[in-house]
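Visitor: Questions regarding the structure given below will be posed in turn.
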8 protein chains.
Amino acid sequence: MGESIPEFRLDVDRTRRIKMPEAVYCHHKTVEQCVDIVGEFLETSTDAVIATRATPDQFDALTKLQPNSATGTTLTWRPRPPTGRTASVLCAGTSDLPVASEAVETLTALGHSVDLKVDIGVAGLHRLLSVLDEIVAEVVIVLAGMEGALPTVVAGLVSQPIIAVPTSVGYGTAFDGQTALMSMLTSCAPGISVVGIDNGYGAASAAHRILS
Amino acid sequence: MGESIPEFRLDVDRTRRIKMPEAVYCHHKTVEQCVDIVGEFLETSTDAVIATRATPDQFDALTKLQPNSATGTTLTWRPRPPTGRTASVLCAGTSDLPVASEAVETLTALGHSVDLKVDIGVAGLHRLLSVLDEIVAEVVIVLAGMEGALPTVVAGLVSQPIIAVPTSVGYGTAFDGQTALMSMLTSCAPGISVVGIDNGYGAASAAHRILS
Amino acid sequence: MGESIPEFRLDVDRTRRIKMPEAVYCHHKTVEQCVDIVGEFLETSTDAVIATRATPDQFDALTKLQPNSATGTTLTWRPRPPTGRTASVLCAGTSDLPVASEAVETLTALGHSVDLKVDIGVAGLHRLLSVLDEIVAEVVIVLAGMEGALPTVVAGLVSQPIIAVPTSVGYGTAFDGQTALMSMLTSCAPGISVVGIDNGYGAASAAHRILS
Amino acid sequence: MGESIPEFRLDVDRTRRIKMPEAVYCHHKTVEQCVDIVGEFLETSTDAVIATRATPDQFDALTKLQPNSATGTTLTWRPRPPTGRTASVLCAGTSDLPVASEAVETLTALGHSVDLKVDIGVAGLHRLLSVLDEIVAEVVIVLAGMEGALPTVVAGLVSQPIIAVPTSVGYGTAFDGQTALMSMLTSCAPGISVVGIDNGYGAASAAHRILS
Amino acid sequence: MGESIPEFRLDVDRTRRIKMPEAVYCHHKTVEQCVDIVGEFLETSTDAVIATRATPDQFDALTKLQPNSATGTTLTWRPRPPTGRTASVLCAGTSDLPVASEAVETLTALGHSVDLKVDIGVAGLHRLLSVLDEIVAEVVIVLAGMEGALPTVVAGLVSQPIIAVPTSVGYGTAFDGQTALMSMLTSCAPGISVVGIDNGYGAASAAHRILS
Amino acid sequence: MGESIPEFRLDVDRTRRIKMPEAVYCHHKTVEQCVDIVGEFLETSTDAVIATRATPDQFDALTKLQPNSATGTTLTWRPRPPTGRTASVLCAGTSDLPVASEAVETLTALGHSVDLKVDIGVAGLHRLLSVLDEIVAEVVIVLAGMEGALPTVVAGLVSQPIIAVPTSVGYGTAFDGQTALMSMLTSCAPGISVVGIDNGYGAASAAHRILS
Amino acid sequence: MGESIPEFRLDVDRTRRIKMPEAVYCHHKTVEQCVDIVGEFLETSTDAVIATRATPDQFDALTKLQPNSATGTTLTWRPRPPTGRTASVLCAGTSDLPVASEAVETLTALGHSVDLKVDIGVAGLHRLLSVLDEIVAEVVIVLAGMEGALPTVVAGLVSQPIIAVPTSVGYGTAFDGQTALMSMLTSCAPGISVVGIDNGYGAASAAHRILS
Amino acid sequence: MGESIPEFRLDVDRTRRIKMPEAVYCHHKTVEQCVDIVGEFLETSTDAVIATRATPDQFDALTKLQPNSATGTTLTWRPRPPTGRTASVLCAGTSDLPVASEAVETLTALGHSVDLKVDIGVAGLHRLLSVLDEIVAEVVIVLAGMEGALPTVVAGLVSQPIIAVPTSVGYGTAFDGQTALMSMLTSCAPGISVVGIDNGYGAASAAHRILS
């Protein structure tokens with residue numbers, strides 16, 4: 001597109017406005033753009049730096065910038081100091097872990113603790129009931145694919161804010177997470193709010209707004 | 001369309017083939033067609049006669065043919081003698097009762113007993129758990145609208161055949177029952193089979209095949 | 001369905017579990033069922049009683065039970081004492097007021113204050129910017145129909161938790177609120193969580209979980 | 001995600017509750033997770049072990065755990081002793097065999113016999129009619145892709161329970177099985193119940209509930 | 001819109017080009033526009049005149065123009081002399097008759113004979129098989145709602161051209177005819193072509209092209 | 001909602017920013033709100049005032065405010081003086097006139113001339129070809145329902161800017177204008193831009209931006 | 001699946017019933033199944049043999065069976081002798097040729113002649129008008145992707161039967177042919193009938209029914 | 001398909017009719033067809049030649065024809081001399097650049113100047129506000145993916161014609177650009193017109209019509 005046209009414009013003021021840094025969404029960008037943008041953030045900002053949705057090539061290139069932590073498709077640099085606050089992250093199944101890790105990485109970079117519980121889907125209800133007393137965090141993120149029923153059951157049992165994350169786990173009528181999404185939005189249990197399909201970063205950001 | 005063209009052709013042989021009579025689906029028919037068809041069945045068959053989805057006008061006209069039972073939009077004549085077998089019908093909420101009544105009327109006309117339980121939605125899980133031991137019928141029909149999670153939770157707790165009925169209860173993202181339908185088809189619990197939205201008659205027919 | 005089958009089963013224990021009473025969702029119920037259920041709640045519970053989505057007939061019948069407040073399709077009895085906490089409710093346009101009123105009624109019944117701002121849609125950005133400094137509540141509910149862009153713009157400007165409510169305002173490609181819903185779920189601004197279309201009650205419930 | 005967080009939680013109690021073991025859904029899991037979970041089941045349970053939807057890599061790794069049977073994407077260990085009961089599995093075409101094999105493997109692992117008939121689609125009706133008298137099993141699973149008409153025709157001819165499985169066979173307006181799914185749910189023949197697209201395991205589970 | 005702007009422009013040349021007159025599609029027009037347009041055709045053309053989709057008000061007003069035939073929502077004037085050719089029209093159920101009548105009226109106005117058969121849906125296959133030898137017309141129009149399987153079964157049994165018409169008969173997952181439409185387009189039987197939902201006029205026009 | 005909360009906030013500055021006044025979208029508002037808002041505009045602004053999508057009740061009430069022009073569901077006050085510029089408005093059929101009138105009213109209020117041509121749909125191509133030389137306006141608005149092909153054909157014949165308006169004319173697979181919308185967006189002819197379904201006001205506004 | 005279960009059941013009787021042989025739909029089958037089925041047809045039938053939708057691997061394997069013709073993904077053996085009848089095949093663009101070739105191969109194998117015209121899309125109308133007089137075949141197959149307007153324009157100009165084939169040519173809002181499909185089904189021109197997306201074989205079969 | 005059938009038919013007359021040459025849409029064509037068609041245009045026309053949507057293989061082959069410019073998937077030959085007119089192209093994010101480049105290449109080939117601004121999405125509103133005064137071109141193209149809010153905000157701030165381009169940037173509920181598309185079509189800001197998803201060429205063509 002020509003040398004003279006800058007290809008990005010950082011929102012370095014975001015931390016002041018909304019208490020969160022701009023994250024680098026790598027998907028749809030070139031490897032070079034990702035490296036340049038993360039590099040620029042590391043130079044011009046003092047806040048945590050978070051890169052999400054990196055492809056394997058982008059991940060490898062960004063690893064050379066020495067992130068403090070890197071899981072799945074998320075990398076973070078310069079995590080904030082601990083806030084002493086905690087979010088609970090509940091996964092219906094093991095298959096939801098890749099999305100959960102995006103939330104965990106983001107929350108950790110923003111200084112929060114995470115209490116992760118896996119494989120407590122409603123087909124075996126006792127698994128959830130047996131850990132119910134341990135769900136004491138100030139905000140609860142609940143991930144589920146397939147029919148997405150877990151947030152509904154949790155919302156009838158605990159009083160904290162609940163952020164539901166539909167995941168694209170499943171096939172056929174799971175419709176890449178749409179069924180779980182619509183199920184969560186239509187829940188008969190009161191007070192669930194929902195983020196986009198597989199949007200672990202969005203759930204962490206919503207939790208951060210509550211924890212701040 | 002002219003007098004000489006017969007407007008219907010009864011499937012009077014159906015009882016022999018599949019052990020169920022043809023039901024009269026009133027929707028989209030004229031009042032006269034409904035009355036004529038039910039009248040013909042009463043004359044030419046000795047099996048139970050079932051009319052479903054009657055509009056108020058159709059319902060009034062059919063009432064004059066002296067049904068043995070009539071609830072909501074369903075009317076039945078000449079119920080079969082009791083078979084001694086029972087179906088359990090579980091409603092997530094009071095709002096599901098109109099669909100449930102179509103199933104109850106049909107099952108009763110076919111000679112089966114029904115054990116109906118209402119308002120046991122998963123937002124208040126203890127309501128379901130408190131009646132769990134009473135679900136002893138040979139087949140379980142579960143109705144739910146909104147996010148449609150009830151069949152999933154039930155299927156993780158009991159071993160009988162489960163027929164799930166999505167209802168059009170809810171608004172917005174309930175999408176007239178589509179969300180509940182997709183949720184039930186994508187359940188993480190094994191062995192749920194599903195009928196069409198609001199199809200109480202279909203659920204009763206599927207239960208009848210199992211009970212026969 | 002016969003006298004002997006109880007048509008509802010109240011979740012009177014809900015206040016203990018999740019710090020909110022069960023609300024009476026009137027839609028799909030008969031007038032009699034609505035009146036009976038609200039009456040039962042008034043007798044057996046000491047918490048606030050909230051009825052939502054009442055049809056005009058249901059509204060008239062419920063009005064005879066002397067609600068403390070009644071707007072649009074929502075009625076409430078015995079509001080909780082003030083909690084001293086506040087939610088901000090932002091409407092993109094005047095047309096969103098019916099949905100907003102469901103949220104306002106619910107929040108008020110649960111003891112919270114509400115700061116309502118109307119007609120600050122993004123087509124006239126200065127209207128939002130001129131009231132930005134007044135958005136100081138602990139949680140912000142943002143309603144918008146049509147393209148649903150308001151929550152995205154707000155989320156880039158304030159740091160509080162944001163609960164977005166898509167409304168069915170608009171025609172054609174508004175698709176009864178689906179376009180606004182999808183827009184909000186896909187926001188480029190971080191930390192928006194979303195409830196179902198026109199679900200003012202759900203937004204208030206989610207806000208209540210944060211305010212509690 | 002750290003060593004100290006267990007990545008799965010087996011539902012070993014499921015056999016007691018619903019007379020079926022938890023199956024291992026391999027899709028979306030890592031190879032290591034699949035091997036670990038199957039290994040854990042083989043150690044801690046005495047029931048049959050079933051793994052479904054294995055990718056080629058997962059399949060190869062699981063084959064080293066010496067399954068008793070393995071077809072397509074399904075592997076099973078320690079099949080239950082024969083129950084003496086039989087399910088009929090009808091395929092509209094040869095292309096439905098991969099989905100059928102998931103059902104056959106599951107039913108066999110649960111101790112049931114299977115009577116499989118292939119290529120009896122309704123475009124050549126005589127093929128179905130010529131085998132009609134052989135469909136004597138206690139439950140009938142019918143698979144079809146494209147327009148999904150086979151279950152409707154079968155349901156008008158036999159009286160047994162019918163579980164319909166839409167398959168993703170076809171292209172264009174087959175919409176990956178959605179057309180077959182909707183066709184089956186909307187059948188004019190009474191008493192068909194339906195599972196999700198390509199869900200051979202779900203159909204077998206529903207049949208097992210009937211056969212138990 | 002002002003007197004000076006003509007509100008319509010007749011395609012009086014159409015008979016010459018495609019051997020069919022332009023039909024008057026009444027839906028979305030005012031009563032006055034319908035009457036004016038039909039009147040203009042009666043004056044300026046010598047071919048048959050066909051008006052479809054008339055509302056009750058439009059129907060009453062057009063009746064005053066003394067149509068030669070009028071059924072349901074279709075009215076015709078000056079039918080062409082008999083061509084000696086015949087179309088077969090097959091209805092899955094009685095409920096499909098309103099759509100069938102639009103086809104029958106159009107075909108008759110264009111001079112063709114019609115052989116109408118009703119209530120031969122595939123749930124009672126013998127009804128179709130018993131009339132199979134009577135389907136000898138040069139083209140076969142097949143109407144069905146719900147799952148729309150009838151054209152598929154017919155196409156496997158006869159060799160004539162088959163024009164399938166999905167009807168909006170059914171509820172829930174019938175999706176106002178979309179399920180039948182997609183089923184017909186995805187048929188496993190060869191050589192079915194399809195017109196729009198409830199489009200009896202379109203089916204008759206396609207048959208006319210074949211019969212001409 | 002209480003007396004003290006103002007229910008609207010006029011964007012009186014809009015004319016300065018974008019050279020168009022804010023229009024009053026009546027749909028979803030109460031009659032009182034419509035009258036109040038139009039009244040306020042008439043008092044506080046000197047520009048043209050436009051109210052769109054008025055229900056019959058709203059239309060009657062607004063008529064009392066003595067509009068300069070009122071057609072269909074649109075009313076306008078104080079039209080701008082003539083600009084001497086012209087837009088061409090092409091309707092595929094008479095049924096598109098209600099949407100066209102919204103565009104015509106808006107353009108006229110903004111001071112532009114309109115050249116309206118009706119009933120030139122592509123099924124009778126000669127009607128379009130015969131008026132082609134008359135399409136000399138600086139911008140062309142093309143309305144069509146059903147399959148929406150008219151803008152595509154026009155765009156291959158003239159060089160002016162083309163704004164396509166899908167209308168909800170048609171039934172069944174017209175899907176309330178969605179088919180026309182998607183057809184226009186996917187046109188094989190270059191340079192068509194599209195507004196929302198039935199959005200005559202939006203098309204006029206886009207034309208106004210070009211004419212200004 | 002065991003050796004003893006035959007994996008296919010040929011419909012060798014089809015030629016007698018509907019004057020067309022069963023074609024071998026290769027998609028979703030293994031290479032071995034394709035070769036076995038074609039081999040069996042070559043042995044047991046004397047009619048033409050047609051294989052469609054072969055993957056490259058299947059195509060290579062089938063080529064060893066020495067087809068008489070093979071283009072794109074279609075192979076044919078033993079074409080019928082010429083019938084002396086002709087179908088016109090019209091492509092909107094060069095990109096539609098792969099689908100057209102499936103139709104051409106099938107028609108040729110069934111003994112019909114084909115008159116193919118390419119690149120006559122409606123964005124350059126003169127291309128179609130210049131060949132209009134050459135469209136004299138007894139049936140016209142029209143292929144188009146994107147907005148799918150070509151069949152509509154053709155149907156207003158010629159009187160023969162028109163079979164429209166939506167192709168998946170285009171991107172974005174072409175939705176893999178759905179937009180073209182819906183456009184064709186909703187055409188304002190009378191008498192278009194439509195087959196499934198990219199279904200060249202289906203169009204040829206429908207044309208064959210007309211030509212027979 | 002045989003040597004004697006020409007596979008394409010150039011619309012060399014298009015420049016005269018609509019002041020734009022036909023562009024070569026490479027997608028769905030073979031490499032050979034692309035090279036042949038571009039070659040033919042270079043020989044038979046004197047206007048600019050534009051090829052869009054080239055695959056890497058097509059791109060490489062076309063590069064040998066020595067284009068004047070080539071970016072992403074677009075190549076152009078013989079650009080028109082400068083017109084002295086300018087279009088503004090605004091990208092919400094860096095990820096929108098590939099689509100923007102298609103628009104930039106096309107506009108440049110047609111002789112127009114382009115003022116490109118990147119990364120001014122509404123989550124950091126100040127970025128847009130800080131460049132607002134620089135948006136002085138005669139027409140503004142606005143690209144955005146995800147929730148697609150940028151055109152709405154721009155349309156409330158500037159008075160020029162606005163052509164919105166939804167991009168497929170995002171995942172999950174971005175639905176490959178559908179959410180951005182619907183958002184733009186449903187904008188609360190007046191006078192936005194929209195082209196298809198990722199259709200940079202279409203936006204440039206629409207802009208060219210305005211600039212001509």
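Here, A, B, ... name the chains of the structure tokens in the order displayed, residue numbers run from 1 inside each chain, and ligands are numbered from 1 in the same displayed order.
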Chain B near chain A within 7 Å: what's each residue's closest atom pair and its distance in Å to one decimal, counting only C-alpha atoms, ordered by chain then ascending residue number, as JSON lines?
Guide:
```
{"residue": "B:Val122", "atom": "CA", "partner": "A:Val153", "partner_atom": "CA", "distance": 6.0}
{"residue": "B:Ala123", "atom": "CA", "partner": "A:Gly156", "partner_atom": "CA", "distance": 4.5}
{"residue": "B:Gly124", "atom": "CA", "partner": "A:Gly156", "partner_atom": "CA", "distance": 5.8}
{"residue": "B:Met146", "atom": "CA", "partner": "A:Thr186", "partner_atom": "CA", "distance": 5.3}
{"residue": "B:Glu147", "atom": "CA", "partner": "A:Ser183", "partner_atom": "CA", "distance": 4.4}
{"residue": "B:Ala149", "atom": "CA", "partner": "A:Ala149", "partner_atom": "CA", "distance": 5.6}
{"residue": "B:Thr152", "atom": "CA", "partner": "A:Ala123", "partner_atom": "CA", "distance": 6.5}
{"residue": "B:Val153", "atom": "CA", "partner": "A:Ala123", "partner_atom": "CA", "distance": 5.9}
{"residue": "B:Gly156", "atom": "CA", "partner": "A:Ala123", "partner_atom": "CA", "distance": 4.5}
{"residue": "B:Thr173", "atom": "CA", "partner": "A:Thr186", "partner_atom": "CA", "distance": 5.8}
{"residue": "B:Ala174", "atom": "CA", "partner": "A:Thr186", "partner_atom": "CA", "distance": 5.8}
{"residue": "B:Thr179", "atom": "CA", "partner": "A:Met182", "partner_atom": "CA", "distance": 5.9}
{"residue": "B:Met182", "atom": "CA", "partner": "A:Thr179", "partner_atom": "CA", "distance": 5.9}
{"residue": "B:Ser183", "atom": "CA", "partner": "A:Glu147", "partner_atom": "CA", "distance": 4.4}
{"residue": "B:Met184", "atom": "CA", "partner": "A:Glu147", "partner_atom": "CA", "distance": 6.8}
{"residue": "B:Leu185", "atom": "CA", "partner": "A:Thr173", "partner_atom": "CA", "distance": 6.7}
{"residue": "B:Thr186", "atom": "CA", "partner": "A:Glu147", "partner_atom": "CA", "distance": 5.1}
{"residue": "B:Ser187", "atom": "CA", "partner": "A:Glu147", "partner_atom": "CA", "distance": 5.0}
{"residue": "B:Cys188", "atom": "CA", "partner": "A:Ala123", "partner_atom": "CA", "distance": 6.3}
{"residue": "B:Ala189", "atom": "CA", "partner": "A:Ala123", "partner_atom": "CA", "distance": 4.9}
```
Visitor: Emit the selected residues as a short mmCIF file (atom, residue, chain, number, x, y, z; two decimals), in the first residue's frame, including all heavy atoms.
Guide:
```cif
data_model
loop_
_atom_site.label_atom_id
_atom_site.label_comp_id
_atom_site.auth_asym_id
_atom_site.auth_seq_id
_atom_site.Cartn_x
_atom_site.Cartn_y
_atom_site.Cartn_z
N VAL B 122 -34.89 -25.65 35.17
CA VAL B 122 -33.57 -25.81 35.77
C VAL B 122 -33.06 -24.58 36.50
O VAL B 122 -32.03 -24.65 37.18
CB VAL B 122 -32.54 -26.22 34.69
CG1 VAL B 122 -32.91 -27.58 34.12
CG2 VAL B 122 -32.45 -25.17 33.61
N ALA B 123 -33.75 -23.44 36.40
CA ALA B 123 -33.32 -22.27 37.17
C ALA B 123 -33.53 -22.50 38.66
O ALA B 123 -32.91 -21.83 39.49
CB ALA B 123 -34.07 -21.02 36.71
N GLY B 124 -34.41 -23.42 39.01
CA GLY B 124 -34.60 -23.79 40.42
C GLY B 124 -34.48 -25.31 40.51
O GLY B 124 -35.48 -26.01 40.62
N MET B 146 -37.74 -21.39 25.84
CA MET B 146 -36.54 -20.58 26.10
C MET B 146 -35.26 -21.33 25.69
O MET B 146 -35.15 -21.72 24.55
CB MET B 146 -36.50 -20.16 27.58
CG MET B 146 -37.74 -19.32 27.94
SD MET B 146 -37.68 -18.72 29.62
CE MET B 146 -39.24 -17.83 29.71
N GLU B 147 -34.34 -21.54 26.63
CA GLU B 147 -33.07 -22.19 26.27
C GLU B 147 -33.19 -23.70 26.21
O GLU B 147 -32.24 -24.37 25.80
CB GLU B 147 -31.97 -21.76 27.23
CG GLU B 147 -31.76 -22.62 28.44
CD GLU B 147 -32.95 -22.59 29.37
OE1 GLU B 147 -33.64 -21.55 29.44
OE2 GLU B 147 -33.22 -23.61 30.03
N ALA B 149 -33.13 -26.26 28.35
CA ALA B 149 -32.10 -27.06 29.02
C ALA B 149 -32.65 -28.25 29.80
O ALA B 149 -31.91 -29.17 30.13
CB ALA B 149 -31.29 -26.18 29.96
N THR B 152 -31.81 -31.97 28.85
CA THR B 152 -30.40 -32.30 29.07
C THR B 152 -30.15 -32.69 30.52
O THR B 152 -29.49 -33.69 30.81
CB THR B 152 -29.52 -31.10 28.67
OG1 THR B 152 -29.58 -30.94 27.26
CG2 THR B 152 -28.07 -31.30 29.09
N VAL B 153 -30.70 -31.89 31.43
CA VAL B 153 -30.48 -32.20 32.84
C VAL B 153 -31.19 -33.50 33.22
O VAL B 153 -30.62 -34.36 33.90
CB VAL B 153 -30.94 -31.02 33.72
CG1 VAL B 153 -30.89 -31.39 35.20
CG2 VAL B 153 -30.08 -29.79 33.45
N GLY B 156 -29.39 -36.71 32.18
CA GLY B 156 -28.22 -37.09 32.97
C GLY B 156 -28.60 -37.75 34.28
O GLY B 156 -27.74 -38.20 35.02
N THR B 173 -34.69 -13.85 21.36
CA THR B 173 -33.81 -14.94 20.93
C THR B 173 -34.38 -16.33 21.15
O THR B 173 -33.72 -17.32 20.79
CB THR B 173 -32.44 -14.84 21.62
OG1 THR B 173 -32.65 -14.68 23.02
CG2 THR B 173 -31.64 -13.69 21.07
N ALA B 174 -35.56 -16.44 21.73
CA ALA B 174 -36.21 -17.76 21.75
C ALA B 174 -36.58 -18.19 20.34
O ALA B 174 -36.74 -19.38 20.06
CB ALA B 174 -37.46 -17.71 22.63
N THR B 179 -34.49 -21.89 19.32
CA THR B 179 -33.36 -22.00 20.24
C THR B 179 -33.50 -23.24 21.10
O THR B 179 -32.54 -24.01 21.27
CB THR B 179 -33.25 -20.72 21.09
OG1 THR B 179 -32.90 -19.65 20.22
CG2 THR B 179 -32.22 -20.86 22.19
N MET B 182 -32.75 -26.40 18.87
CA MET B 182 -31.34 -26.64 18.58
C MET B 182 -30.59 -27.06 19.84
O MET B 182 -29.71 -27.93 19.80
CB MET B 182 -30.71 -25.40 17.96
CG MET B 182 -31.21 -25.11 16.56
SD MET B 182 -31.08 -26.57 15.48
CE MET B 182 -32.18 -26.10 14.15
N SER B 183 -30.96 -26.46 20.95
CA SER B 183 -30.35 -26.84 22.22
C SER B 183 -30.59 -28.32 22.51
O SER B 183 -29.67 -29.06 22.90
CB SER B 183 -30.93 -25.96 23.33
OG SER B 183 -30.55 -26.41 24.60
N MET B 184 -31.81 -28.77 22.31
CA MET B 184 -32.13 -30.18 22.62
C MET B 184 -31.40 -31.14 21.67
O MET B 184 -30.95 -32.20 22.07
CB MET B 184 -33.64 -30.38 22.53
CG MET B 184 -34.40 -29.65 23.63
SD MET B 184 -36.19 -29.68 23.32
CE MET B 184 -36.78 -28.76 24.76
N LEU B 185 -31.31 -30.75 20.40
CA LEU B 185 -30.64 -31.61 19.42
C LEU B 185 -29.13 -31.69 19.66
O LEU B 185 -28.46 -32.60 19.19
CB LEU B 185 -30.88 -31.08 18.00
CG LEU B 185 -32.27 -31.31 17.42
CD1 LEU B 185 -32.48 -30.42 16.20
CD2 LEU B 185 -32.48 -32.76 17.04
N THR B 186 -28.60 -30.70 20.37
CA THR B 186 -27.15 -30.60 20.55
C THR B 186 -26.76 -30.95 21.97
O THR B 186 -25.65 -30.65 22.42
CB THR B 186 -26.71 -29.16 20.20
OG1 THR B 186 -27.41 -28.71 19.04
CG2 THR B 186 -25.22 -29.08 19.89
N SER B 187 -27.64 -31.59 22.69
CA SER B 187 -27.42 -31.86 24.10
C SER B 187 -26.15 -32.64 24.37
O SER B 187 -25.79 -33.56 23.64
CB SER B 187 -28.61 -32.65 24.65
OG SER B 187 -28.37 -33.02 25.99
N CYS B 188 -25.46 -32.28 25.45
CA CYS B 188 -24.28 -33.03 25.87
C CYS B 188 -24.66 -34.31 26.61
O CYS B 188 -23.79 -35.12 26.90
CB CYS B 188 -23.38 -32.15 26.74
SG CYS B 188 -24.15 -31.61 28.26
N ALA B 189 -25.94 -34.48 26.90
CA ALA B 189 -26.39 -35.70 27.58
C ALA B 189 -26.83 -36.72 26.54
O ALA B 189 -27.45 -36.35 25.54
CB ALA B 189 -27.53 -35.38 28.54
#
```
Visitor: In Å, with one decimal, what is the gap from atom CA of E:Arg17 to atom CA of E:Ala207?
Guide: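 Atom CA of E:Arg17 sits 17.0 Å away from atom CA of E:Ala207.
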Visitor: Would you list, as a PyMOL selection string, the residues of chain C that end up in helix (DSSP H, G or I) under DSSP run on this structure's backbone?
Guide: chain C and resi 14-18+31-44+56-63+94-109+122-134+150-155+172-185+200-211
Visitor: Can you list, as an MDAnalysis selection string, every protein, DNA or RNA residue that comes within 9 Å of D:Thr94 when you count only C-alpha atoms, leaving out same-chain residues fewer than 3 positions away?
Guide: (chainID D and resid 91 97:98 118:119) or (chainID G and resid 7:9 28:29 33)
Visitor: Can you spit out the residues from that selection as a PDB file, in the first residue's frame, using C-alpha atoms?
Guide:
```
ATOM      1  CA  CYS D  91     -29.351 -46.358   5.513  1.00  0.00           C
ATOM      2  CA  LEU D  97     -22.375 -45.686   6.204  1.00  0.00           C
ATOM      3  CA  PRO D  98     -19.804 -43.612   8.142  1.00  0.00           C
ATOM      4  CA  VAL D 118     -28.102 -50.219   3.142  1.00  0.00           C
ATOM      5  CA  ASP D 119     -29.215 -48.321   0.045  1.00  0.00           C
TER       6      ASP D 119
ATOM      7  CA  GLU G   7     -22.766 -51.967   0.982  1.00  0.00           C
ATOM      8  CA  PHE G   8     -25.044 -51.082  -1.922  1.00  0.00           C
ATOM      9  CA  ARG G   9     -28.204 -52.163  -3.650  1.00  0.00           C
ATOM     10  CA  HIS G  28     -19.178 -39.235   0.379  1.00  0.00           C
ATOM     11  CA  LYS G  29     -18.303 -42.686  -0.995  1.00  0.00           C
ATOM     12  CA  GLN G  33     -17.275 -48.195  -3.470  1.00  0.00           C
TER      13      GLN G  33
END
```
Visitor: Please provide as a ChimeraX atom specification all residues within 10 Å of A:Met20, with the sequence filter that same-chain residues fewer than 2 positions apart are discarded (counting only C-alpha atoms).
Guide: /A:13-18,22-23,47-49,110,205,208-209,212 /C:156,159,190-191
Visitor: Need the shell around H:Phe59: protein/DNA/RNA residues with any atom at most 9 Å away, counting only C-alpha atoms. Skip same-chain ones fewer than 4 positions apart. Format as an MDAnalysis selection string?
Guide: chainID H and resid 31 53:55 63:64 70 72:75
Visitor: Can you list, as a ChimeraX atom specification, every residue of stretch 3-205 of chain B that DSSP puts in strand (DSSP E)?
Guide: /B:24-25,49-52,69-71,74-77,86-91,113-117,139-144,162-166,192-194
Visitor: What's the separation between atom CA of D:Cys26 and atom CA of A:Ile192, in Å to one decimal place?
Guide: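 Separating atom CA of D:Cys26 from atom CA of A:Ile192 is a distance of 29.3 Å.
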Visitor: Within 10 Å of B:Glu138, counting only C-alpha atoms, which residues show up once you throw out same-chain ones fewer than 2 positions away? Write them as a ChimeraX atom specification, please.
Guide: /B:85-88,135-136,140,159-162,207,210-211 /D:209-210
Visitor: When you draw a straight line from atom CA of G:Cys34 to atom CA of G:Asp198, how long is it in Å?
Guide: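 A separation of 21.0 Å between them.
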